Amino acid sequence: MTNEKMKVNMTVNGRERSAEAEPRMLLAHFLRDELGLTGTHIGCDTSQCGACTVMVDGGAVKSCTLLAVQADGSEVTTVEGIGTVDNMHPIQQGFWEEHGLQCGYCTSGVMMAMIGLLDENPNPTEEEIREGLEGVICRCTGYQFIVKAVQKAIQIMAESGQPVTAKEAVGEVRS
């Protein structure tokens, strides 16, 4: 196996990005180390915790399970691409209003996983939200506030006329 670096091109948060990576570099490390997007956290490197969850071509993916070269040509959305302080994505607003985090380490992965859930099911029950959280480990909250935050995001999307499916809102350029 060669360790020769390869050029990797992808659209990240709506922008064309390109950098070199060793063939064995994980997407999580590529995003953090090569592109400077540190919102994607690495909690385990074994795909257990979900802190590294991002959207790849519209689906929630644990970025520690995918090589950067495998994502070449893909559209990737990280937590940095879903909203701004002045114009939060409904999932961010829900977490803010319902105190859906404590230490914050897992929060970006949880939010991206929940965006993936809402893509598939725009109006999940509490049980379905909890099932959607099974791939994400939070060591602080006990999940109740996270569930309330997702429910609040659903309410915000419905009341504001924003897209009910999160997929339509992810990666929008927000001004």
# chains A, B, ... in the order shown; residues from 1 in each chain; ligands from 1
>>> residues_around(residues="stretch 79-83 of chain A", least_positions_apart="3", cutoff="12 Å", atoms="only C-alpha atoms", output="mmCIF file with C-alpha atoms, in the first residue's frame")
data_model
loop_
_atom_site.group_PDB
_atom_site.id
_atom_site.type_symbol
_atom_site.label_atom_id
_atom_site.label_comp_id
_atom_site.auth_asym_id
_atom_site.auth_seq_id
_atom_site.Cartn_x
_atom_site.Cartn_y
_atom_site.Cartn_z
ATOM 1 C CA THR A 11 -18.202 20.307 -2.183
ATOM 2 C CA VAL A 12 -18.215 21.122 1.518
ATOM 3 C CA ASN A 13 -20.921 23.350 2.934
ATOM 4 C CA GLY A 14 -21.717 24.612 -0.546
ATOM 5 C CA ARG A 15 -18.107 25.454 -1.489
ATOM 6 C CA LEU A 31 -12.356 17.729 7.391
ATOM 7 C CA ARG A 32 -10.605 18.749 10.599
ATOM 8 C CA LEU A 35 -9.971 21.772 5.660
ATOM 9 C CA GLY A 36 -9.945 23.291 9.161
ATOM 10 C CA LEU A 37 -13.568 22.344 9.921
ATOM 11 C CA THR A 38 -13.233 21.415 13.572
ATOM 12 C CA GLY A 39 -16.957 21.155 14.322
ATOM 13 C CA THR A 40 -16.747 17.488 13.342
ATOM 14 C CA HIS A 41 -15.540 15.812 16.529
ATOM 15 C CA ALA A 51 -19.699 12.608 17.324
ATOM 16 C CA CYS A 52 -18.217 12.684 13.813
ATOM 17 C CA THR A 53 -21.545 12.467 11.947
ATOM 18 C CA VAL A 54 -21.803 14.617 8.805
ATOM 19 C CA MET A 55 -24.041 14.580 5.749
ATOM 20 C CA ALA A 60 -25.994 11.025 7.639
ATOM 21 C CA GLU A 75 -21.282 16.845 -1.391
ATOM 22 C CA VAL A 76 -20.500 17.058 2.321
ATOM 23 C CA ASP A 86 -27.680 35.217 13.202
ATOM 24 C CA ASN A 87 -29.655 32.658 11.195
ATOM 25 C CA MET A 88 -29.707 29.307 12.965
ATOM 26 C CA HIS A 89 -30.953 26.121 11.383
ATOM 27 C CA PRO A 90 -34.115 24.938 13.200
ATOM 28 C CA ILE A 91 -32.172 22.056 14.778
ATOM 29 C CA GLN A 92 -29.657 24.550 16.194
ATOM 30 C CA GLN A 93 -32.487 26.782 17.412
ATOM 31 C CA CYS A 106 -21.364 15.211 20.869
ATOM 32 C CA THR A 107 -23.700 18.043 19.840
ATOM 33 C CA SER A 108 -22.531 18.514 16.255
ATOM 34 C CA GLY A 109 -22.835 14.799 15.560
ATOM 35 C CA VAL A 110 -26.215 14.609 17.274
ATOM 36 C CA MET A 111 -27.541 17.547 15.245
ATOM 37 C CA MET A 112 -26.318 16.064 11.954
ATOM 38 C CA ALA A 113 -27.773 12.650 12.840
ATOM 39 C CA MET A 114 -31.104 14.288 13.654
ATOM 40 C CA ILE A 115 -31.047 16.193 10.358
ATOM 41 C CA ALA A 166 -34.190 19.140 6.895
ATOM 42 C CA LYS A 167 -32.522 18.049 3.643
ATOM 43 C CA GLU A 168 -33.947 21.103 1.898
ATOM 44 C CA ALA A 169 -32.415 23.416 4.515
ATOM 45 C CA VAL A 170 -28.950 21.820 4.851
ATOM 46 C CA GLY A 171 -26.178 23.629 3.061
ATOM 47 C CA GLU A 172 -28.259 26.674 2.174
ATOM 48 C CA VAL A 173 -26.218 29.810 1.950
ATOM 49 C CA ARG A 174 -27.457 31.853 4.850
ATOM 50 C CA SER A 175 -26.933 35.601 4.950
#
>>> select_by_dssp(residues="chain A", states="strand (DSSP E)", output="list in words")
Met6, Lys7, Val8, Asn9, Met10, Thr11, Val12, Arg15, Glu16, Arg17, Ser18, Ala19, Glu20, Ala21, Thr53, Val54, Met55, Val56, Gly59, Ala60, Val61, Lys62, Glu75, Val76 and Thr77 of chain A
>>> residues_around(residues="A:Ser47", least_positions_apart="4", cutoff="12 Å", atoms="only C-alpha atoms", output="list in words")
Leu26, Ala28, His41, Ile42, Gly43, Ala51, Cys52, Thr53, Val61, Lys62, Ser63, Cys64, Thr65, Leu66, Gly109, Gly135, Val136 and Ile137 of chain A
>>> residues_around(residues="stretch 139-154 of chain A", least_positions_apart="4", cutoff="8 Å", atoms="only C-alpha atoms", output="mmCIF file with N, CA and C atoms, in the first residue's frame")
data_model
loop_
_atom_site.group_PDB
_atom_site.id
_atom_site.type_symbol
_atom_site.label_atom_id
_atom_site.label_comp_id
_atom_site.auth_asym_id
_atom_site.auth_seq_id
_atom_site.Cartn_x
_atom_site.Cartn_y
_atom_site.Cartn_z
ATOM 1 N N PRO A 90 -33.143 25.311 12.160
ATOM 2 C CA PRO A 90 -34.115 24.938 13.200
ATOM 3 C C PRO A 90 -33.577 23.936 14.221
ATOM 4 N N ILE A 91 -32.709 23.020 13.813
ATOM 5 C CA ILE A 91 -32.172 22.056 14.778
ATOM 6 C C ILE A 91 -31.267 22.773 15.775
ATOM 7 N N GLN A 92 -30.494 23.758 15.293
ATOM 8 C CA GLN A 92 -29.657 24.550 16.194
ATOM 9 C C GLN A 92 -30.529 25.375 17.147
ATOM 10 N N GLN A 93 -31.572 25.976 16.597
ATOM 11 C CA GLN A 93 -32.487 26.782 17.412
ATOM 12 C C GLN A 93 -33.157 25.913 18.475
ATOM 13 N N GLY A 94 -33.556 24.718 18.091
ATOM 14 C CA GLY A 94 -34.160 23.796 19.048
ATOM 15 C C GLY A 94 -33.208 23.447 20.175
ATOM 16 N N PHE A 95 -31.949 23.181 19.835
ATOM 17 C CA PHE A 95 -30.957 22.870 20.864
ATOM 18 C C PHE A 95 -30.738 24.072 21.776
ATOM 19 N N TRP A 96 -30.725 25.261 21.202
ATOM 20 C CA TRP A 96 -30.542 26.482 21.982
ATOM 21 C C TRP A 96 -31.707 26.680 22.953
ATOM 22 N N GLU A 97 -32.920 26.590 22.433
ATOM 23 C CA GLU A 97 -34.100 26.883 23.247
ATOM 24 C C GLU A 97 -34.400 25.809 24.291
ATOM 25 N N GLU A 98 -34.078 24.569 23.990
ATOM 26 C CA GLU A 98 -34.418 23.463 24.895
ATOM 27 C C GLU A 98 -33.215 22.933 25.666
ATOM 28 N N HIS A 99 -32.103 23.635 25.597
ATOM 29 C CA HIS A 99 -30.893 23.246 26.351
ATOM 30 C C HIS A 99 -30.489 21.806 26.027
ATOM 31 N N GLY A 100 -30.401 21.517 24.732
ATOM 32 C CA GLY A 100 -30.143 20.164 24.270
ATOM 33 C C GLY A 100 -28.694 19.733 24.335
ATOM 34 N N LEU A 101 -27.882 20.430 25.099
ATOM 35 C CA LEU A 101 -26.489 20.023 25.232
ATOM 36 C C LEU A 101 -25.996 20.372 26.618
ATOM 37 N N GLN A 102 -24.924 19.714 27.002
ATOM 38 C CA GLN A 102 -24.251 20.087 28.241
ATOM 39 C C GLN A 102 -22.806 20.400 27.915
ATOM 40 N N CYS A 103 -21.958 19.399 27.779
ATOM 41 C CA CYS A 103 -20.556 19.711 27.481
ATOM 42 C C CYS A 103 -20.383 20.127 26.021
ATOM 43 N N MET A 114 -29.683 13.948 13.595
ATOM 44 C CA MET A 114 -31.104 14.288 13.654
ATOM 45 C C MET A 114 -31.567 14.940 12.348
ATOM 46 N N PRO A 122 -39.978 13.575 8.528
ATOM 47 C CA PRO A 122 -40.084 14.962 8.972
ATOM 48 C C PRO A 122 -40.917 15.189 10.232
ATOM 49 N N ASN A 123 -41.646 14.177 10.677
ATOM 50 C CA ASN A 123 -42.476 14.343 11.871
ATOM 51 C C ASN A 123 -42.412 13.081 12.741
ATOM 52 N N GLU A 126 -41.717 10.625 19.544
ATOM 53 C CA GLU A 126 -40.634 10.616 20.527
ATOM 54 C C GLU A 126 -39.852 9.304 20.449
ATOM 55 N N ILE A 129 -37.556 9.394 17.467
ATOM 56 C CA ILE A 129 -36.393 10.253 17.725
ATOM 57 C C ILE A 129 -35.384 9.490 18.560
ATOM 58 N N ARG A 130 -35.853 8.822 19.596
ATOM 59 C CA ARG A 130 -34.951 8.042 20.457
ATOM 60 C C ARG A 130 -34.262 6.922 19.671
ATOM 61 N N ALA A 158 -42.281 23.845 11.170
ATOM 62 C CA ALA A 158 -43.696 23.885 10.799
ATOM 63 C C ALA A 158 -44.267 25.298 10.918
ATOM 64 N N VAL A 164 -39.999 21.465 5.749
ATOM 65 C CA VAL A 164 -40.277 20.479 6.782
ATOM 66 C C VAL A 164 -39.181 19.428 6.788
#
>>> closest_residue(among="A:Gly58, A:Glu4, A:Glu34, A:Asp45", to="A:Glu120", atoms="only C-alpha atoms")
A:Gly58
>>> select_by_dssp(residues="chain A", states="alpha helix (DSSP H)", output="ChimeraX atom specification")
/A:27-29,90-98,107-120,126-132,144-160,166-169
>>> atom_distance(atom1="atom CA of A:Ala21", atom2="atom CA of A:Met6")
5.4 Å
>>> closest_residue(among="A:Asn3, A:Met10, A:Gly161, A:Cys138", to="A:Gly104", atoms="only C-alpha atoms")
A:Cys138
>>> residues_around(residues="A:Gly73", least_positions_apart="4", cutoff="10 Å", atoms="only C-alpha atoms", output="short mmCIF file (atom, residue, chain, number, x, y, z; two decimals) with all heavy atoms, in the first residue's frame")
data_model
loop_
_atom_site.label_atom_id
_atom_site.label_comp_id
_atom_site.auth_asym_id
_atom_site.auth_seq_id
_atom_site.Cartn_x
_atom_site.Cartn_y
_atom_site.Cartn_z
N VAL A 8 -8.01 15.25 -3.27
CA VAL A 8 -9.41 14.95 -2.99
C VAL A 8 -10.21 16.23 -3.21
O VAL A 8 -9.88 17.29 -2.66
CB VAL A 8 -9.60 14.45 -1.55
CG1 VAL A 8 -11.07 14.20 -1.24
CG2 VAL A 8 -8.77 13.19 -1.30
N ASN A 9 -11.25 16.13 -4.03
CA ASN A 9 -12.12 17.27 -4.34
C ASN A 9 -13.52 16.94 -3.86
O ASN A 9 -14.02 15.85 -4.09
CB ASN A 9 -12.16 17.52 -5.85
CG ASN A 9 -10.80 17.77 -6.43
OD1 ASN A 9 -10.17 18.76 -6.12
ND2 ASN A 9 -10.35 16.85 -7.28
N MET A 10 -14.15 17.90 -3.22
CA MET A 10 -15.53 17.72 -2.78
C MET A 10 -16.16 19.09 -2.56
O MET A 10 -15.47 20.09 -2.44
CB MET A 10 -15.61 16.87 -1.52
CG MET A 10 -14.90 17.43 -0.32
SD MET A 10 -14.94 16.34 1.14
CE MET A 10 -13.87 15.01 0.65
N THR A 11 -17.48 19.10 -2.54
CA THR A 11 -18.20 20.31 -2.18
C THR A 11 -18.52 20.20 -0.71
O THR A 11 -19.18 19.25 -0.28
CB THR A 11 -19.51 20.43 -3.00
OG1 THR A 11 -19.17 20.42 -4.39
CG2 THR A 11 -20.24 21.72 -2.67
N GLU A 16 -16.71 24.51 -3.24
CA GLU A 16 -15.77 23.54 -3.79
C GLU A 16 -14.50 23.59 -2.96
O GLU A 16 -13.94 24.66 -2.74
CB GLU A 16 -15.46 23.86 -5.25
CG GLU A 16 -16.64 23.70 -6.18
CD GLU A 16 -17.12 22.26 -6.30
OE1 GLU A 16 -16.28 21.34 -6.27
OE2 GLU A 16 -18.34 22.07 -6.39
N ARG A 17 -14.05 22.43 -2.47
CA ARG A 17 -12.84 22.34 -1.66
C ARG A 17 -11.95 21.25 -2.23
O ARG A 17 -12.43 20.25 -2.75
CB ARG A 17 -13.18 22.03 -0.20
CG ARG A 17 -14.10 23.03 0.49
CD ARG A 17 -13.48 24.40 0.72
NE ARG A 17 -12.28 24.39 1.50
CZ ARG A 17 -12.22 24.59 2.82
NH1 ARG A 17 -13.33 24.81 3.50
NH2 ARG A 17 -11.08 24.58 3.45
N SER A 18 -10.67 21.45 -2.08
CA SER A 18 -9.70 20.50 -2.59
C SER A 18 -8.48 20.49 -1.67
O SER A 18 -8.04 21.55 -1.22
CB SER A 18 -9.28 20.90 -4.01
OG SER A 18 -8.37 19.98 -4.52
N ASP A 57 -23.61 13.42 0.54
CA ASP A 57 -24.58 13.23 -0.54
C ASP A 57 -26.00 13.04 0.00
O ASP A 57 -26.76 12.19 -0.46
CB ASP A 57 -24.17 12.07 -1.45
CG ASP A 57 -22.87 12.36 -2.18
OD1 ASP A 57 -22.62 13.54 -2.52
OD2 ASP A 57 -22.09 11.42 -2.43
N VAL A 69 -10.72 9.75 0.45
CA VAL A 69 -10.70 9.47 -0.99
C VAL A 69 -12.01 8.85 -1.46
O VAL A 69 -12.38 8.99 -2.62
CB VAL A 69 -9.49 8.59 -1.40
CG1 VAL A 69 -8.17 9.33 -1.16
CG2 VAL A 69 -9.49 7.25 -0.68
#
>>> atom_distance(atom1="atom CA of A:Asp33", atom2="atom CA of A:Ala19")
10.2 Å
>>> atom_distance(atom1="atom CA of A:Ser74", atom2="atom CA of A:Phe30")
13.5 Å
>>> decode(residues="stretch 106-120 of chain A", atoms="all heavy atoms", output="PDB file, in the first residue's frame")
ATOM      1  N   CYS A 106     -20.618  16.048  21.815  1.00  0.00           N
ATOM      2  CA  CYS A 106     -21.364  15.211  20.869  1.00  0.00           C
ATOM      3  C   CYS A 106     -22.354  16.012  20.033  1.00  0.00           C
ATOM      4  O   CYS A 106     -22.918  15.502  19.061  1.00  0.00           O
ATOM      5  CB  CYS A 106     -22.117  14.114  21.606  1.00  0.00           C
ATOM      6  SG  CYS A 106     -23.509  14.730  22.597  1.00  0.00           S
ATOM      7  N   THR A 107     -22.586  17.274  20.389  1.00  0.00           N
ATOM      8  CA  THR A 107     -23.700  18.043  19.840  1.00  0.00           C
ATOM      9  C   THR A 107     -23.690  18.140  18.325  1.00  0.00           C
ATOM     10  O   THR A 107     -24.736  17.971  17.685  1.00  0.00           O
ATOM     11  CB  THR A 107     -23.737  19.453  20.467  1.00  0.00           C
ATOM     12  OG1 THR A 107     -23.811  19.309  21.885  1.00  0.00           O
ATOM     13  CG2 THR A 107     -24.933  20.236  19.975  1.00  0.00           C
ATOM     14  N   SER A 108     -22.546  18.397  17.717  1.00  0.00           N
ATOM     15  CA  SER A 108     -22.531  18.514  16.255  1.00  0.00           C
ATOM     16  C   SER A 108     -22.945  17.211  15.597  1.00  0.00           C
ATOM     17  O   SER A 108     -23.733  17.200  14.647  1.00  0.00           O
ATOM     18  CB  SER A 108     -21.156  18.971  15.759  1.00  0.00           C
ATOM     19  OG  SER A 108     -20.150  18.056  16.142  1.00  0.00           O
ATOM     20  N   GLY A 109     -22.451  16.095  16.112  1.00  0.00           N
ATOM     21  CA  GLY A 109     -22.835  14.799  15.560  1.00  0.00           C
ATOM     22  C   GLY A 109     -24.296  14.483  15.792  1.00  0.00           C
ATOM     23  O   GLY A 109     -24.977  13.944  14.914  1.00  0.00           O
ATOM     24  N   VAL A 110     -24.799  14.835  16.971  1.00  0.00           N
ATOM     25  CA  VAL A 110     -26.215  14.609  17.274  1.00  0.00           C
ATOM     26  C   VAL A 110     -27.079  15.423  16.322  1.00  0.00           C
ATOM     27  O   VAL A 110     -28.049  14.913  15.744  1.00  0.00           O
ATOM     28  CB  VAL A 110     -26.545  14.963  18.746  1.00  0.00           C
ATOM     29  CG1 VAL A 110     -28.049  14.961  18.982  1.00  0.00           C
ATOM     30  CG2 VAL A 110     -25.857  14.010  19.695  1.00  0.00           C
ATOM     31  N   MET A 111     -26.737  16.701  16.133  1.00  0.00           N
ATOM     32  CA  MET A 111     -27.541  17.547  15.245  1.00  0.00           C
ATOM     33  C   MET A 111     -27.533  17.004  13.812  1.00  0.00           C
ATOM     34  O   MET A 111     -28.584  16.960  13.167  1.00  0.00           O
ATOM     35  CB  MET A 111     -27.047  18.995  15.279  1.00  0.00           C
ATOM     36  CG  MET A 111     -27.420  19.705  16.559  1.00  0.00           C
ATOM     37  SD  MET A 111     -27.207  21.495  16.528  1.00  0.00           S
ATOM     38  CE  MET A 111     -25.452  21.659  16.387  1.00  0.00           C
ATOM     39  N   MET A 112     -26.388  16.583  13.323  1.00  0.00           N
ATOM     40  CA  MET A 112     -26.318  16.064  11.954  1.00  0.00           C
ATOM     41  C   MET A 112     -27.089  14.750  11.840  1.00  0.00           C
ATOM     42  O   MET A 112     -27.779  14.515  10.844  1.00  0.00           O
ATOM     43  CB  MET A 112     -24.863  15.903  11.517  1.00  0.00           C
ATOM     44  CG  MET A 112     -24.069  17.208  11.513  1.00  0.00           C
ATOM     45  SD  MET A 112     -24.836  18.575  10.617  1.00  0.00           S
ATOM     46  CE  MET A 112     -24.629  18.027   8.935  1.00  0.00           C
ATOM     47  N   ALA A 113     -27.000  13.902  12.858  1.00  0.00           N
ATOM     48  CA  ALA A 113     -27.773  12.650  12.840  1.00  0.00           C
ATOM     49  C   ALA A 113     -29.268  12.936  12.838  1.00  0.00           C
ATOM     50  O   ALA A 113     -30.042  12.274  12.145  1.00  0.00           O
ATOM     51  CB  ALA A 113     -27.391  11.768  14.035  1.00  0.00           C
ATOM     52  N   MET A 114     -29.683  13.948  13.595  1.00  0.00           N
ATOM     53  CA  MET A 114     -31.104  14.288  13.654  1.00  0.00           C
ATOM     54  C   MET A 114     -31.567  14.940  12.348  1.00  0.00           C
ATOM     55  O   MET A 114     -32.713  14.749  11.933  1.00  0.00           O
ATOM     56  CB  MET A 114     -31.405  15.181  14.852  1.00  0.00           C
ATOM     57  CG  MET A 114     -31.228  14.470  16.200  1.00  0.00           C
ATOM     58  SD  MET A 114     -32.326  13.026  16.416  1.00  0.00           S
ATOM     59  CE  MET A 114     -31.333  11.668  15.804  1.00  0.00           C
ATOM     60  N   ILE A 115     -30.708  15.679  11.687  1.00  0.00           N
ATOM     61  CA  ILE A 115     -31.047  16.193  10.358  1.00  0.00           C
ATOM     62  C   ILE A 115     -31.281  15.014   9.415  1.00  0.00           C
ATOM     63  O   ILE A 115     -32.237  15.005   8.642  1.00  0.00           O
ATOM     64  CB  ILE A 115     -29.958  17.150   9.837  1.00  0.00           C
ATOM     65  CG1 ILE A 115     -30.038  18.478  10.593  1.00  0.00           C
ATOM     66  CG2 ILE A 115     -30.090  17.372   8.329  1.00  0.00           C
ATOM     67  CD1 ILE A 115     -28.884  19.417  10.330  1.00  0.00           C
ATOM     68  N   GLY A 116     -30.421  14.006   9.511  1.00  0.00           N
ATOM     69  CA  GLY A 116     -30.613  12.792   8.705  1.00  0.00           C
ATOM     70  C   GLY A 116     -31.938  12.112   9.015  1.00  0.00           C
ATOM     71  O   GLY A 116     -32.651  11.665   8.112  1.00  0.00           O
ATOM     72  N   LEU A 117     -32.283  12.036  10.299  1.00  0.00           N
ATOM     73  CA  LEU A 117     -33.564  11.450  10.696  1.00  0.00           C
ATOM     74  C   LEU A 117     -34.717  12.242  10.096  1.00  0.00           C
ATOM     75  O   LEU A 117     -35.653  11.665   9.534  1.00  0.00           O
ATOM     76  CB  LEU A 117     -33.691  11.414  12.222  1.00  0.00           C
ATOM     77  CG  LEU A 117     -35.078  11.025  12.756  1.00  0.00           C
ATOM     78  CD1 LEU A 117     -35.373   9.557  12.464  1.00  0.00           C
ATOM     79  CD2 LEU A 117     -35.173  11.325  14.238  1.00  0.00           C
ATOM     80  N   LEU A 118     -34.650  13.566  10.200  1.00  0.00           N
ATOM     81  CA  LEU A 118     -35.741  14.409   9.711  1.00  0.00           C
ATOM     82  C   LEU A 118     -35.849  14.379   8.191  1.00  0.00           C
ATOM     83  O   LEU A 118     -36.919  14.633   7.647  1.00  0.00           O
ATOM     84  CB  LEU A 118     -35.585  15.841  10.223  1.00  0.00           C
ATOM     85  CG  LEU A 118     -35.714  15.992  11.743  1.00  0.00           C
ATOM     86  CD1 LEU A 118     -35.467  17.437  12.154  1.00  0.00           C
ATOM     87  CD2 LEU A 118     -37.051  15.493  12.246  1.00  0.00           C
ATOM     88  N   ASP A 119     -34.760  14.066   7.512  1.00  0.00           N
ATOM     89  CA  ASP A 119     -34.829  13.868   6.057  1.00  0.00           C
ATOM     90  C   ASP A 119     -35.718  12.682   5.727  1.00  0.00           C
ATOM     91  O   ASP A 119     -36.491  12.714   4.776  1.00  0.00           O
ATOM     92  CB  ASP A 119     -33.440  13.602   5.470  1.00  0.00           C
ATOM     93  CG  ASP A 119     -32.618  14.857   5.305  1.00  0.00           C
ATOM     94  OD1 ASP A 119     -33.171  15.963   5.431  1.00  0.00           O
ATOM     95  OD2 ASP A 119     -31.420  14.717   5.036  1.00  0.00           O
ATOM     96  N   GLU A 120     -35.577  11.632   6.519  1.00  0.00           N
ATOM     97  CA  GLU A 120     -36.339  10.414   6.275  1.00  0.00           C
ATOM     98  C   GLU A 120     -37.753  10.484   6.857  1.00  0.00           C
ATOM     99  O   GLU A 120     -38.671   9.879   6.322  1.00  0.00           O
ATOM    100  CB  GLU A 120     -35.602   9.213   6.883  1.00  0.00           C
ATOM    101  CG  GLU A 120     -34.274   8.922   6.218  1.00  0.00           C
ATOM    102  CD  GLU A 120     -33.516   7.806   6.915  1.00  0.00           C
ATOM    103  OE1 GLU A 120     -34.111   7.086   7.750  1.00  0.00           O
ATOM    104  OE2 GLU A 120     -32.319   7.663   6.630  1.00  0.00           O
TER     105      GLU A 120
END
